[in-house]
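Asker: My structure file data-v8.txt, compact mmCIF, C-alpha atoms, is below:
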```
# COMPACT_ATOMS: atom_id res chain seq x y z
CA MET A 1026 92.48 90.26 126.49
CA LEU A 1027 93.82 86.78 127.10
CA LYS A 1028 96.63 86.27 129.55
CA LYS A 1029 99.76 84.44 128.40
CA GLU A 1030 99.01 81.38 130.49
CA GLU A 1031 95.54 81.12 128.86
CA ILE A 1032 96.95 80.70 125.34
CA PHE A 1033 97.53 77.11 124.19
CA PHE A 1034 98.66 75.99 120.73
CA THR A 1035 96.11 73.15 120.68
CA ASP A 1036 93.18 75.36 121.67
CA TRP A 1037 91.23 74.79 118.43
CA HIS A 1038 88.15 76.56 119.74
CA ARG A 1039 90.19 79.78 120.04
CA TRP A 1040 91.70 79.19 116.59
CA LEU A 1041 88.27 78.86 114.97
CA PHE A 1042 85.99 81.10 117.02
CA GLY A 1043 88.33 83.33 119.02
CA THR A 1044 86.99 84.14 122.47
CA ALA A 1045 83.41 84.50 121.23
CA PRO A 1046 80.92 81.61 121.45
CA PRO A 1047 80.09 79.67 118.24
CA SER A 1048 76.65 81.31 118.19
CA PHE A 1049 78.38 84.62 117.34
CA LEU A 1050 79.06 83.30 113.81
CA LEU A 1051 75.45 83.93 112.77
CA GLU A 1052 75.52 87.38 114.34
CA ALA A 1053 78.80 88.20 112.56
CA ALA A 1054 77.26 87.20 109.21
CA LEU A 1055 74.22 89.39 109.89
CA ARG A 1056 76.48 92.28 110.92
CA ALA A 1057 78.37 91.91 107.61
CA VAL A 1058 75.11 92.09 105.63
CA ILE A 1059 74.01 95.23 107.52
CA ILE A 1060 77.41 96.94 107.18
CA PHE A 1061 77.59 96.04 103.47
CA ALA A 1062 74.14 97.51 102.77
CA LEU A 1063 75.02 100.63 104.76
CA MET A 1064 78.33 101.07 102.90
CA VAL A 1065 76.61 100.76 99.51
CA LEU A 1066 74.09 103.41 100.57
CA ILE A 1067 76.79 105.76 101.91
CA MET A 1068 78.92 105.38 98.78
CA ARG A 1069 75.87 106.06 96.62
CA LEU A 1070 75.05 109.22 98.59
CA MET A 1071 78.64 110.44 98.24
CA GLY A 1072 78.23 110.68 94.49
CA ARG A 1073 79.49 109.12 91.30
CA ARG A 1074 83.06 110.37 91.75
CA LEU A 1075 83.81 107.52 94.16
CA LYS A 1076 83.09 105.05 91.36
CA GLY A 1077 85.78 106.56 89.09
CA GLU A 1078 88.91 108.63 89.59
CA ILE A 1079 88.86 110.08 93.11
CA SER A 1080 90.44 113.11 94.73
CA ILE A 1081 92.77 113.12 97.73
CA ALA A 1082 89.90 113.94 100.11
CA GLU A 1083 87.75 111.16 98.68
CA LEU A 1084 90.63 108.70 98.97
CA ALA A 1085 90.93 109.68 102.65
CA VAL A 1086 87.21 108.98 103.07
CA VAL A 1087 87.52 105.52 101.51
CA LEU A 1088 90.51 104.63 103.70
CA THR A 1089 88.64 105.85 106.78
CA PHE A 1090 85.77 103.54 105.90
CA GLY A 1091 88.05 100.55 106.42
CA GLY A 1092 88.95 101.66 109.93
CA ILE A 1093 85.32 102.32 110.84
CA ILE A 1094 83.78 99.04 109.73
CA THR A 1095 86.51 96.63 110.90
CA LYS A 1096 85.57 96.13 114.55
CA PRO A 1097 81.76 96.07 114.19
CA LEU A 1098 82.13 93.12 111.81
CA HIS A 1099 83.81 90.67 114.17
CA VAL A 1100 84.17 92.12 117.67
CA PRO A 1101 81.16 91.09 119.81
CA THR A 1102 81.74 93.88 122.36
CA VAL A 1103 81.31 96.63 119.72
CA GLY A 1104 77.78 97.65 118.75
CA LEU A 1105 76.56 98.81 115.36
CA LEU A 1106 75.26 102.26 116.27
CA PRO A 1107 78.64 103.97 117.00
CA PRO A 1108 80.11 103.16 113.56
CA VAL A 1109 76.82 104.12 111.90
CA ALA A 1110 77.01 107.51 113.63
CA VAL A 1111 80.61 107.93 112.45
CA LEU A 1112 79.68 107.00 108.87
CA LEU A 1113 76.82 109.51 108.84
CA ALA A 1114 79.13 112.21 110.24
CA LEU A 1115 81.65 111.38 107.53
CA LEU A 1116 78.94 111.67 104.88
CA GLY A 1117 77.96 115.09 106.25
CA MET A 1118 81.58 116.29 106.25
CA HIS A 1119 82.00 115.07 102.67
CA ARG A 1120 78.86 116.90 101.51
CA ILE A 1121 79.94 120.14 103.24
CA ASN A 1122 83.42 119.85 101.76
CA ASN A 1123 82.00 119.41 98.25
CA TRP A 1124 79.73 122.44 98.74
CA LEU A 1125 82.67 124.60 99.87
CA ALA A 1126 84.78 123.41 96.93
CA HIS A 1127 81.93 124.29 94.56
CA LYS A 1128 81.45 127.76 96.05
CA TYR A 1129 85.07 128.76 96.65
CA ARG A 1130 87.87 128.18 94.14
CA PRO A 1131 90.69 128.25 96.78
CA VAL A 1132 88.99 125.40 98.67
CA GLU A 1133 88.75 123.37 95.45
CA LEU A 1134 92.43 123.95 94.69
CA LEU A 1135 93.42 123.03 98.23
CA GLU A 1136 91.46 119.77 98.11
CA GLN A 1137 91.89 118.64 94.52
CA GLY A 1138 94.87 120.57 93.18
CA ASP A 1139 95.02 122.22 89.75
CA VAL A 1140 95.70 121.10 86.21
CA VAL A 1141 99.41 121.09 85.27
CA VAL A 1142 100.93 121.44 81.79
CA VAL A 1143 103.80 118.94 81.57
CA VAL A 1144 104.42 119.18 77.80
CA ARG A 1145 104.12 122.46 75.91
CA ASP A 1146 104.70 122.77 72.15
CA GLY A 1147 106.78 119.60 72.01
CA CYS A 1148 108.94 120.45 75.05
CA LEU A 1149 108.91 119.11 78.59
CA ASP A 1150 108.10 121.60 81.34
CA LEU A 1151 110.79 120.37 83.74
CA PRO A 1152 109.82 122.55 86.76
CA GLN A 1153 106.22 121.32 86.53
CA LEU A 1154 107.36 117.70 86.24
CA GLN A 1155 109.48 118.14 89.37
CA ALA A 1156 106.61 119.83 91.24
CA ALA A 1157 104.30 116.94 90.30
CA SER A 1158 106.90 114.35 91.43
CA LEU A 1159 106.75 112.85 87.94
CA SER A 1160 109.87 111.47 86.28
CA ARG A 1161 110.62 111.63 82.55
CA ASP A 1162 110.53 107.83 82.29
CA GLU A 1163 107.08 107.69 83.89
CA LEU A 1164 105.76 110.36 81.53
CA PHE A 1165 107.34 108.73 78.48
CA GLY A 1166 105.81 105.38 79.42
CA LEU A 1167 102.35 106.96 79.67
CA LEU A 1168 102.82 108.70 76.32
CA ARG A 1169 103.86 105.46 74.64
CA VAL A 1170 100.55 103.98 75.76
CA GLU A 1171 98.94 106.78 73.71
CA LYS A 1172 100.99 105.65 70.65
CA VAL A 1173 103.25 108.72 70.80
CA LYS A 1174 106.79 108.17 69.48
CA HIS A 1175 108.42 111.56 69.99
CA LEU A 1176 107.66 114.90 71.64
CA GLY A 1177 107.38 116.73 68.32
CA GLU A 1178 103.95 115.13 67.86
CA LEU A 1179 102.55 116.92 70.91
CA TRP A 1180 100.96 120.32 71.39
CA ARG A 1181 99.94 119.99 75.05
CA VAL A 1182 99.92 117.27 77.71
CA TYR A 1183 97.93 118.10 80.84
CA LEU A 1184 98.19 116.34 84.18
CA GLU A 1185 94.65 116.70 85.47
CA SER A 1186 93.82 117.20 89.16
CA ASP A 1187 92.63 113.58 89.42
CA GLY A 1188 95.94 112.21 88.06
CA VAL A 1189 94.70 111.48 84.52
CA PHE A 1190 96.71 112.68 81.51
CA SER A 1191 95.07 114.56 78.65
CA VAL A 1192 97.13 114.36 75.46
CA TYR A 1193 96.63 116.82 72.56
CA GLN A 1194 98.66 116.26 69.40
CA ARG A 1195 99.76 118.74 66.79
CA PRO A 1196 97.94 118.66 63.43
CA ALA A 1197 101.35 118.52 61.72
CA PRO A 1198 104.12 116.85 63.76
CA GLN A 1199 107.55 118.49 63.90
CA PRO A 1200 110.93 116.91 64.60
CA GLY A 1201 111.25 116.12 68.30
CA LEU A 1202 112.87 114.11 71.08
CA SER A 1203 112.30 110.36 70.82
CA ILE A 1204 110.53 108.85 73.84
CA MET A 1205 111.28 105.26 72.82
CA PRO A 1206 113.62 103.09 74.94
CA PRO A 1207 117.30 103.42 73.87
CA GLU A 1208 117.35 100.00 72.19
CA ASP A 1209 114.35 100.98 70.02
CA ALA A 1210 115.32 104.61 69.34
CA PRO A 1211 115.31 105.45 65.60
CA PRO A 1212 118.65 106.22 63.87
CA PRO A 1213 119.50 109.83 62.88
CA ALA A 1214 117.43 110.98 59.91
CA THR A 1215 119.22 111.03 56.57
CA ASP A 1216 116.58 113.14 54.85
CA GLY A 1217 113.41 115.08 55.55
CA PRO A 1218 112.75 117.83 58.13
CA ALA A 1219 114.73 116.07 60.90
CA GLN A 1220 117.95 115.74 58.87
CA GLY A 1221 120.80 117.39 60.77
CA ARG A 1222 118.49 118.79 63.48
CA LEU A 1223 119.27 118.50 67.18
CA VAL A 1224 116.94 118.41 70.18
CA CYS A 1225 117.75 118.97 73.84
CA GLU A 1226 117.93 115.60 75.56
CA ALA A 1227 116.72 117.17 78.83
CA CYS A 1228 113.59 119.05 77.71
CA GLY A 1229 113.09 118.26 74.01
CA PHE A 1230 113.70 121.79 72.67
CA LEU A 1231 114.22 121.74 68.89
CA ALA A 1232 117.41 123.68 68.20
CA PRO A 1233 117.78 126.07 65.25
CA VAL A 1234 119.45 124.66 62.17
CA ALA A 1235 122.93 126.11 62.86
CA THR A 1236 123.11 124.94 66.52
CA THR A 1237 126.15 122.89 67.49
CA SER A 1238 126.44 120.28 70.25
CA ALA A 1239 128.54 122.73 72.31
CA ALA A 1240 125.63 125.18 72.74
CA HIS A 1241 123.42 125.47 75.82
CA CYS A 1242 119.68 124.90 75.55
CA PRO A 1243 117.85 128.26 75.75
CA ARG A 1244 114.97 126.62 77.63
CA CYS A 1245 116.70 124.60 80.35
CA ALA A 1246 120.41 125.52 79.95
CA ALA A 1247 121.38 121.85 79.47
CA GLN A 1248 124.19 120.96 77.09
CA ARG A 1249 123.04 117.53 75.96
CA TRP A 1250 121.89 117.34 72.35
CA VAL A 1251 120.69 114.32 70.41
CA PRO A 1252 119.45 113.91 66.81
CA ALA A 1253 115.81 114.82 66.26
CA THR A 1254 113.36 112.25 64.99
CA VAL A 1255 110.07 112.32 63.12
```
Output the structure of this file as structure tokens.
Answerer:
Amino acid sequence: MLKKEEIFFTDWHRWLFGTAPPSFLLEAALRAVIIFALMVLIMRLMGRRLKGEISIAELAVVLTFGGIITKPLHVPTVGLLPPVAVLLALLGMHRINNWLAHKYRPVELLEQGDVVVVVRDGCLDLPQLQAASLSRDELFGLLRVEKVKHLGELWRVYLESDGVFSVYQRPAPQPGLSIMPPEDAPPPATDGPAQGRLVCEACGFLAPVATTSAAHCPRCAAQRWVPATV
């Protein structure tokens, strides 16, 4: 640690090399090669999951890697063996954790979570959306990427444990709640199955034919109705 009186703005040696001698540059480059090769090996041994969508535990492992390898790369007073020992211990913990998750379902649910149904039969599951900290706008944006225009097209939408959405459409779409932005929302239908039909603006429930705008939604108790679309 440098004292305050040892720090000078024009000390270009400190700017370029720090407090280490210039000869440490070659050692730092060699350390980087060794750490890189070790990290590739460790990531390979941890399995293919780390190359795709990762779980919360695997994300914690990746973030821990950054803290482990930082100092050995550029601090001359830190050797390579301590971080190697930590990396190997982390690999062992990861393997044991995967074995426990494979053997015991509660451990798997604790680590990775469970699949969540966020759309069921053309209606939003509002409690599940709230539990998943997912807003309607976020979900609608993801559905638009899948070329979905309204909820009546959907049979199920699953939020998988790794955060990916699985979208299953109905063979025959029904009238439903538009998920398009307000400026691009279609006008009320003048003919066809959506003519005169209302859907709950909160959850997408398709109201019976005789429902008026003063009624409460039987699914979510909201009182906001909008014209259905197809």
Asker: Using all atoms listed in the file, determine which residues lie at most 12 Å from stretch 1241-1247 of chain A, disregarding the query and same-chain residues fewer than 6 positions distant; provide the list as a list in words.
Answerer: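 So the residues in contact are Arg1145, Cys1148, Leu1149, Asp1150, Leu1151, Pro1152, Leu1223, Val1224, Cys1225, Glu1226, Ala1227, Cys1228, Gly1229, Phe1230, Leu1231, Ala1232 and Pro1233 of chain A.
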Asker: Limited to C-alpha atoms, could you put the picked residues into a file as an mmCIF file, keeping the file's coordinate frame?
Answerer:
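Okay, result25.cif is ready:
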```
data_model
loop_
_atom_site.group_PDB
_atom_site.id
_atom_site.type_symbol
_atom_site.label_atom_id
_atom_site.label_comp_id
_atom_site.auth_asym_id
_atom_site.auth_seq_id
_atom_site.Cartn_x
_atom_site.Cartn_y
_atom_site.Cartn_z
ATOM 1 C CA ARG A 1145 104.120 122.460 75.910
ATOM 2 C CA CYS A 1148 108.940 120.450 75.050
ATOM 3 C CA LEU A 1149 108.910 119.110 78.590
ATOM 4 C CA ASP A 1150 108.100 121.600 81.340
ATOM 5 C CA LEU A 1151 110.790 120.370 83.740
ATOM 6 C CA PRO A 1152 109.820 122.550 86.760
ATOM 7 C CA LEU A 1223 119.270 118.500 67.180
ATOM 8 C CA VAL A 1224 116.940 118.410 70.180
ATOM 9 C CA CYS A 1225 117.750 118.970 73.840
ATOM 10 C CA GLU A 1226 117.930 115.600 75.560
ATOM 11 C CA ALA A 1227 116.720 117.170 78.830
ATOM 12 C CA CYS A 1228 113.590 119.050 77.710
ATOM 13 C CA GLY A 1229 113.090 118.260 74.010
ATOM 14 C CA PHE A 1230 113.700 121.790 72.670
ATOM 15 C CA LEU A 1231 114.220 121.740 68.890
ATOM 16 C CA ALA A 1232 117.410 123.680 68.200
ATOM 17 C CA PRO A 1233 117.780 126.070 65.250
#
```
Asker: Would you mind reading off the distance between atom CA of A:Ala1045 and atom CA of A:Pro1101, one decimal, in Å?
Answerer: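 Atom CA of A:Ala1045 sits 7.1 Å away from atom CA of A:Pro1101.
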Asker: Nearest residue to A:Ser1186 out of A:Arg1161, A:Gly1221, A:Leu1134, A:Gly1201, using only C-alpha atoms?
Answerer: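 Selected residue with least distance to A:Ser1186: A:Leu1134.
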Asker: In Å, how far is it from atom CA of A:Pro1198 to atom CA of A:Ala1156?
Answerer: 27.8 Å
Asker: For A:Gly1091, which of A:Ala1053, A:Met1064, A:Leu1106, A:Leu1041 is the closest residue, counting all atoms listed in the file?
Answerer: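 Distance minimum relative to A:Gly1091 lands on A:Met1064.
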Asker: Using all atoms listed in the file, which of the listed residues (A:Leu1113, A:Leu1051, A:Val1255, A:Leu1184) sits closest to A:Leu1098?
Answerer: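 Under the stated criterion, the closest residue is A:Leu1051.
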Asker: Between atom CA of A:Leu1115 and atom CA of A:Ile1060, what distance in Å does the model show, to one decimal?
Answerer: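 If I compute the distance from atom CA of A:Leu1115 to atom CA of A:Ile1060, I get 15.1 Å.
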Asker: Using only C-alpha atoms, find the one residue out of A:Pro1131, A:Leu1125, A:Asp1162, A:Trp1250 that sits nearest to A:Pro1207.
Answerer: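 Checking each candidate against A:Pro1207, we get A:Asp1162 as the closest.
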Asker: Taking (106.5, 108.9, 74.1) in the coordinates of the supplied file, I want to know which residues reach to within 12 Å of it, counting only C-alpha atoms; could you give the answer as an MDAnalysis selection string?
Answerer: chainID A and resid 1144 1147:1149 1161:1179 1182 1192 1194 1201:1206 1209:1210 1229 1254
Asker: Can you tell me which residues surround A:Thr1102 at a distance of at most 12 Å, considering all atoms listed in the file, apart from same-chain residues fewer than 3 positions away, and format the answer as a list in words?
Answerer: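 Listed by chain and then number, they are Thr1044, Ala1045, Phe1049, Ala1053, Lys1096, Pro1097, Leu1098, His1099, Leu1105 and Pro1107 of chain A.
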Asker: Taking all atoms listed in the file into account, name the residue in A:Val1251, A:Phe1034, A:Gly1043, A:Val1189 that is nearest to A:Val1100.
Answerer: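 Of A:Val1251, A:Phe1034, A:Gly1043, A:Val1189, the one nearest A:Val1100 is A:Gly1043, counting all atoms listed in the file.
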Asker: Hey, which of A:Ser1048, A:Gln1153, A:Pro1196, A:Asp1187 ends up closest to A:Leu1084? Count all atoms listed in the file.
Answerer: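 Smallest distance to A:Leu1084 is found for A:Asp1187.
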